[in-house]
Amino acid sequence: MIDCRNIAKGKEKGELIVSSEPISFLGGVDPETGIIIDPNHELKGKCIKDKVLFIPGGKGSTVGSYVIFQMKKNNTAPKAIICLNAEPIIATGAIMSDIPMVDSPSSTKELKNDVLVEVDGSGGKINILG
């Protein structure tokens, strides 16, 4: 179990998709598909739909919060979000969209692509499931 700071309530399980780069949801992610479309991002062409997204943080316009909300309505959003350092754009989007979110994990060595985790945004925990 990894201790974190809780940002947005809820609990979800899913496979991790990991980026060492921040993501801009406005213009960087297609809200209709959940695919990263930023041509300069390391996850370009990857889909974050139904994944647990682990990123350093967000970047870009505050409209990114509404893109996350639109993705939730379109069923293309990540199941949960883990950030190294949450900032207002991603945090607001997660809270508005009821997407569990945590930040400041006490350890990141087990947080790798395709690892199955459960994010507890209410309790501030990440459980490694496999």
# chains A, B, ... in the order shown; residues from 1 in each chain; ligands from 1
$ residues_around --residues "Gly10 of chain A" --least-positions-apart "6" --cutoff "6 Å" --atoms "only C-alpha atoms" --output "VMD selection string"
chain A and resid 100 121 to 122
$ write_last_selection --atoms "N, CA and C atoms" --output "short mmCIF file (atom, residue, chain, number, x, y, z; two decimals), in the first residue's frame"
data_model
loop_
_atom_site.label_atom_id
_atom_site.label_comp_id
_atom_site.auth_asym_id
_atom_site.auth_seq_id
_atom_site.Cartn_x
_atom_site.Cartn_y
_atom_site.Cartn_z
N PRO A 100 -11.62 9.44 -9.01
CA PRO A 100 -10.73 9.40 -7.85
C PRO A 100 -9.33 9.89 -8.22
N GLY A 121 -9.19 7.50 -3.53
CA GLY A 121 -9.11 8.94 -3.42
C GLY A 121 -9.69 9.47 -2.13
N SER A 122 -10.51 8.69 -1.46
CA SER A 122 -11.06 9.12 -0.18
C SER A 122 -10.06 8.91 0.95
#
$ residues_around --residues "Leu53 of chain A" --least-positions-apart "5" --cutoff "9 Å" --atoms "only C-alpha atoms" --output "JSON list (two decimals) with C-alpha atoms, in the first residue's frame"
[["chain", "number", "residue", "atom", "x", "y", "z"],
["A", 15, "GLU", "CA", -4.22, -0.75, -15.26],
["A", 16, "LEU", "CA", -1.66, 2.01, -15.01],
["A", 17, "ILE", "CA", -0.58, 4.11, -17.95],
["A", 18, "VAL", "CA", 2.48, 6.11, -16.94],
["A", 19, "SER", "CA", 3.94, 9.32, -18.33],
["A", 48, "ILE", "CA", -6.16, 6.70, -21.41],
["A", 78, "PRO", "CA", -9.33, 7.59, -17.07],
["A", 79, "LYS", "CA", -10.77, 5.57, -14.17],
["A", 80, "ALA", "CA", -8.47, 7.35, -11.69],
["A", 81, "ILE", "CA", -5.58, 9.81, -11.68],
["A", 82, "ILE", "CA", -2.31, 9.77, -9.75],
["A", 83, "CYS", "CA", -0.11, 12.88, -9.85]]
$ atom_distance --atom1 "atom CA of Gln70 of chain A" --atom2 "atom CA of Asn127 of chain A"
27.7 Å
$ residues_around --residues "Thr62 of chain A" --least-positions-apart "5" --cutoff "9 Å" --atoms "only C-alpha atoms" --output "list of chain:residue names"
A:Leu26, A:Pro88, A:Ile89, A:Ile90
$ write_last_selection --atoms "N, CA and C atoms" --output "mmCIF file, in the first residue's frame"
data_model
loop_
_atom_site.group_PDB
_atom_site.id
_atom_site.type_symbol
_atom_site.label_atom_id
_atom_site.label_comp_id
_atom_site.auth_asym_id
_atom_site.auth_seq_id
_atom_site.Cartn_x
_atom_site.Cartn_y
_atom_site.Cartn_z
ATOM 1 N N LEU A 26 -6.496 20.137 -22.748
ATOM 2 C CA LEU A 26 -7.015 20.958 -23.836
ATOM 3 C C LEU A 26 -6.027 20.904 -25.000
ATOM 4 N N PRO A 88 -4.277 22.856 -9.940
ATOM 5 C CA PRO A 88 -5.723 23.107 -9.971
ATOM 6 C C PRO A 88 -6.462 22.587 -11.207
ATOM 7 N N ILE A 89 -5.831 22.561 -12.369
ATOM 8 C CA ILE A 89 -6.537 22.144 -13.591
ATOM 9 C C ILE A 89 -6.986 20.685 -13.490
ATOM 10 N N ILE A 90 -6.040 19.800 -13.208
ATOM 11 C CA ILE A 90 -6.365 18.368 -13.143
ATOM 12 C C ILE A 90 -7.235 18.086 -11.915
#
$ select_by_dssp --residues "segment 13-71 of chain A" --states "strand (DSSP E)" --output "JSON, numbers by chain"
{"A": [13, 14, 15, 16, 17, 18, 52, 53, 54, 55]}
$ write_last_selection --atoms "N, CA and C atoms" --output "PDB file, in the first residue's frame"
ATOM      1  N   LYS A  13     -10.356   0.733  -9.700  1.00  0.00           N
ATOM      2  CA  LYS A  13      -9.266  -0.170 -10.079  1.00  0.00           C
ATOM      3  C   LYS A  13      -9.016  -0.052 -11.568  1.00  0.00           C
ATOM      4  N   GLY A  14      -7.768  -0.251 -11.956  1.00  0.00           N
ATOM      5  CA  GLY A  14      -7.445  -0.259 -13.370  1.00  0.00           C
ATOM      6  C   GLY A  14      -5.961  -0.449 -13.598  1.00  0.00           C
ATOM      7  N   GLU A  15      -5.614  -0.626 -14.874  1.00  0.00           N
ATOM      8  CA  GLU A  15      -4.215  -0.755 -15.258  1.00  0.00           C
ATOM      9  C   GLU A  15      -3.599   0.633 -15.391  1.00  0.00           C
ATOM     10  N   LEU A  16      -2.372   0.741 -14.934  1.00  0.00           N
ATOM     11  CA  LEU A  16      -1.663   2.013 -15.013  1.00  0.00           C
ATOM     12  C   LEU A  16      -1.201   2.313 -16.432  1.00  0.00           C
ATOM     13  N   ILE A  17      -1.273   3.573 -16.794  1.00  0.00           N
ATOM     14  CA  ILE A  17      -0.581   4.113 -17.951  1.00  0.00           C
ATOM     15  C   ILE A  17       0.231   5.272 -17.390  1.00  0.00           C
ATOM     16  N   VAL A  18       1.551   5.222 -17.614  1.00  0.00           N
ATOM     17  CA  VAL A  18       2.482   6.108 -16.935  1.00  0.00           C
ATOM     18  C   VAL A  18       3.141   7.063 -17.925  1.00  0.00           C
ATOM     19  N   VAL A  52      -5.720   3.872 -15.261  1.00  0.00           N
ATOM     20  CA  VAL A  52      -5.337   4.739 -14.160  1.00  0.00           C
ATOM     21  C   VAL A  52      -4.148   5.546 -14.668  1.00  0.00           C
ATOM     22  N   LEU A  53      -4.333   6.836 -14.800  1.00  0.00           N
ATOM     23  CA  LEU A  53      -3.328   7.722 -15.380  1.00  0.00           C
ATOM     24  C   LEU A  53      -2.376   8.212 -14.296  1.00  0.00           C
ATOM     25  N   PHE A  54      -1.079   7.957 -14.488  1.00  0.00           N
ATOM     26  CA  PHE A  54      -0.050   8.427 -13.555  1.00  0.00           C
ATOM     27  C   PHE A  54       0.829   9.427 -14.292  1.00  0.00           C
ATOM     28  N   ILE A  55       0.757  10.685 -13.865  1.00  0.00           N
ATOM     29  CA  ILE A  55       1.483  11.778 -14.511  1.00  0.00           C
ATOM     30  C   ILE A  55       2.147  12.660 -13.444  1.00  0.00           C
TER      31      ILE A  55
END
$ residues_around --residues "Met96 of chain A" --least-positions-apart "6" --cutoff "10 Å" --atoms "only C-alpha atoms" --output "PyMOL selection string"
chain A and resi 8+65-66+68-69+72+90
$ atom_distance --atom1 "atom CA of Ile7 of chain A" --atom2 "atom CA of Cys47 of chain A"
23.2 Å
$ decode --residues "segment 59-82 of chain A" --atoms "N, CA, C and O atoms" --output "PDB file, in the first residue's frame"
ATOM      1  N   LYS A  59      -0.793  20.617 -17.342  1.00  0.00           N
ATOM      2  CA  LYS A  59      -0.287  21.889 -17.854  1.00  0.00           C
ATOM      3  C   LYS A  59      -1.341  22.455 -18.785  1.00  0.00           C
ATOM      4  O   LYS A  59      -2.276  21.765 -19.169  1.00  0.00           O
ATOM      5  N   GLY A  60      -1.176  23.712 -19.128  1.00  0.00           N
ATOM      6  CA  GLY A  60      -2.066  24.307 -20.109  1.00  0.00           C
ATOM      7  C   GLY A  60      -3.232  25.057 -19.501  1.00  0.00           C
ATOM      8  O   GLY A  60      -3.244  25.404 -18.334  1.00  0.00           O
ATOM      9  N   SER A  61      -4.234  25.259 -20.334  1.00  0.00           N
ATOM     10  CA  SER A  61      -5.391  26.089 -20.028  1.00  0.00           C
ATOM     11  C   SER A  61      -6.286  25.491 -18.947  1.00  0.00           C
ATOM     12  O   SER A  61      -6.422  24.270 -18.839  1.00  0.00           O
ATOM     13  N   THR A  62      -6.930  26.373 -18.207  1.00  0.00           N
ATOM     14  CA  THR A  62      -7.905  25.931 -17.208  1.00  0.00           C
ATOM     15  C   THR A  62      -9.098  25.232 -17.865  1.00  0.00           C
ATOM     16  O   THR A  62      -9.830  24.512 -17.190  1.00  0.00           O
ATOM     17  N   VAL A  63      -9.283  25.418 -19.157  1.00  0.00           N
ATOM     18  CA  VAL A  63     -10.352  24.723 -19.870  1.00  0.00           C
ATOM     19  C   VAL A  63     -10.108  23.213 -19.840  1.00  0.00           C
ATOM     20  O   VAL A  63     -11.032  22.423 -20.023  1.00  0.00           O
ATOM     21  N   GLY A  64      -8.872  22.794 -19.547  1.00  0.00           N
ATOM     22  CA  GLY A  64      -8.559  21.377 -19.413  1.00  0.00           C
ATOM     23  C   GLY A  64      -9.454  20.672 -18.403  1.00  0.00           C
ATOM     24  O   GLY A  64      -9.801  19.497 -18.567  1.00  0.00           O
ATOM     25  N   SER A  65      -9.874  21.382 -17.350  1.00  0.00           N
ATOM     26  CA  SER A  65     -10.794  20.801 -16.358  1.00  0.00           C
ATOM     27  C   SER A  65     -12.103  20.379 -17.019  1.00  0.00           C
ATOM     28  O   SER A  65     -12.651  19.317 -16.713  1.00  0.00           O
ATOM     29  N   TYR A  66     -12.581  21.212 -17.923  1.00  0.00           N
ATOM     30  CA  TYR A  66     -13.843  20.907 -18.612  1.00  0.00           C
ATOM     31  C   TYR A  66     -13.665  19.808 -19.651  1.00  0.00           C
ATOM     32  O   TYR A  66     -14.603  19.071 -19.931  1.00  0.00           O
ATOM     33  N   VAL A  67     -12.455  19.679 -20.212  1.00  0.00           N
ATOM     34  CA  VAL A  67     -12.178  18.566 -21.131  1.00  0.00           C
ATOM     35  C   VAL A  67     -12.261  17.253 -20.363  1.00  0.00           C
ATOM     36  O   VAL A  67     -12.845  16.276 -20.844  1.00  0.00           O
ATOM     37  N   ILE A  68     -11.707  17.222 -19.155  1.00  0.00           N
ATOM     38  CA  ILE A  68     -11.804  16.017 -18.318  1.00  0.00           C
ATOM     39  C   ILE A  68     -13.271  15.703 -18.038  1.00  0.00           C
ATOM     40  O   ILE A  68     -13.705  14.554 -18.143  1.00  0.00           O
ATOM     41  N   PHE A  69     -14.059  16.724 -17.710  1.00  0.00           N
ATOM     42  CA  PHE A  69     -15.491  16.544 -17.453  1.00  0.00           C
ATOM     43  C   PHE A  69     -16.201  16.014 -18.703  1.00  0.00           C
ATOM     44  O   PHE A  69     -17.024  15.096 -18.617  1.00  0.00           O
ATOM     45  N   GLN A  70     -15.870  16.567 -19.860  1.00  0.00           N
ATOM     46  CA  GLN A  70     -16.458  16.086 -21.113  1.00  0.00           C
ATOM     47  C   GLN A  70     -16.067  14.627 -21.369  1.00  0.00           C
ATOM     48  O   GLN A  70     -16.891  13.822 -21.808  1.00  0.00           O
ATOM     49  N   MET A  71     -14.812  14.280 -21.077  1.00  0.00           N
ATOM     50  CA  MET A  71     -14.377  12.893 -21.251  1.00  0.00           C
ATOM     51  C   MET A  71     -15.185  11.947 -20.356  1.00  0.00           C
ATOM     52  O   MET A  71     -15.563  10.858 -20.784  1.00  0.00           O
ATOM     53  N   LYS A  72     -15.465  12.370 -19.138  1.00  0.00           N
ATOM     54  CA  LYS A  72     -16.269  11.540 -18.229  1.00  0.00           C
ATOM     55  C   LYS A  72     -17.665  11.327 -18.820  1.00  0.00           C
ATOM     56  O   LYS A  72     -18.170  10.202 -18.826  1.00  0.00           O
ATOM     57  N   LYS A  73     -18.267  12.393 -19.344  1.00  0.00           N
ATOM     58  CA  LYS A  73     -19.591  12.271 -19.962  1.00  0.00           C
ATOM     59  C   LYS A  73     -19.550  11.382 -21.206  1.00  0.00           C
ATOM     60  O   LYS A  73     -20.520  10.698 -21.515  1.00  0.00           O
ATOM     61  N   ASN A  74     -18.417  11.394 -21.926  1.00  0.00           N
ATOM     62  CA  ASN A  74     -18.252  10.588 -23.143  1.00  0.00           C
ATOM     63  C   ASN A  74     -17.780   9.160 -22.863  1.00  0.00           C
ATOM     64  O   ASN A  74     -17.580   8.393 -23.807  1.00  0.00           O
ATOM     65  N   ASN A  75     -17.584   8.823 -21.586  1.00  0.00           N
ATOM     66  CA  ASN A  75     -17.032   7.517 -21.209  1.00  0.00           C
ATOM     67  C   ASN A  75     -15.664   7.268 -21.829  1.00  0.00           C
ATOM     68  O   ASN A  75     -15.338   6.148 -22.220  1.00  0.00           O
ATOM     69  N   THR A  76     -14.838   8.320 -21.915  1.00  0.00           N
ATOM     70  CA  THR A  76     -13.487   8.182 -22.440  1.00  0.00           C
ATOM     71  C   THR A  76     -12.433   8.603 -21.414  1.00  0.00           C
ATOM     72  O   THR A  76     -11.242   8.682 -21.738  1.00  0.00           O
ATOM     73  N   ALA A  77     -12.849   8.884 -20.193  1.00  0.00           N
ATOM     74  CA  ALA A  77     -11.945   9.381 -19.148  1.00  0.00           C
ATOM     75  C   ALA A  77     -11.159   8.241 -18.507  1.00  0.00           C
ATOM     76  O   ALA A  77     -11.576   7.083 -18.537  1.00  0.00           O
ATOM     77  N   PRO A  78     -10.022   8.597 -17.886  1.00  0.00           N
ATOM     78  CA  PRO A  78      -9.330   7.593 -17.071  1.00  0.00           C
ATOM     79  C   PRO A  78     -10.192   7.225 -15.861  1.00  0.00           C
ATOM     80  O   PRO A  78     -11.020   8.029 -15.420  1.00  0.00           O
ATOM     81  N   LYS A  79     -10.005   6.004 -15.346  1.00  0.00           N
ATOM     82  CA  LYS A  79     -10.765   5.571 -14.166  1.00  0.00           C
ATOM     83  C   LYS A  79     -10.330   6.317 -12.915  1.00  0.00           C
ATOM     84  O   LYS A  79     -11.133   6.552 -12.018  1.00  0.00           O
ATOM     85  N   ALA A  80      -9.034   6.632 -12.842  1.00  0.00           N
ATOM     86  CA  ALA A  80      -8.473   7.348 -11.691  1.00  0.00           C
ATOM     87  C   ALA A  80      -7.217   8.065 -12.165  1.00  0.00           C
ATOM     88  O   ALA A  80      -6.683   7.752 -13.229  1.00  0.00           O
ATOM     89  N   ILE A  81      -6.765   9.028 -11.353  1.00  0.00           N
ATOM     90  CA  ILE A  81      -5.576   9.807 -11.684  1.00  0.00           C
ATOM     91  C   ILE A  81      -4.650   9.842 -10.473  1.00  0.00           C
ATOM     92  O   ILE A  81      -5.092  10.077  -9.347  1.00  0.00           O
ATOM     93  N   ILE A  82      -3.366   9.623 -10.748  1.00  0.00           N
ATOM     94  CA  ILE A  82      -2.313   9.770  -9.752  1.00  0.00           C
ATOM     95  C   ILE A  82      -1.362  10.842 -10.284  1.00  0.00           C
ATOM     96  O   ILE A  82      -0.917  10.757 -11.430  1.00  0.00           O
TER      97      ILE A  82
END
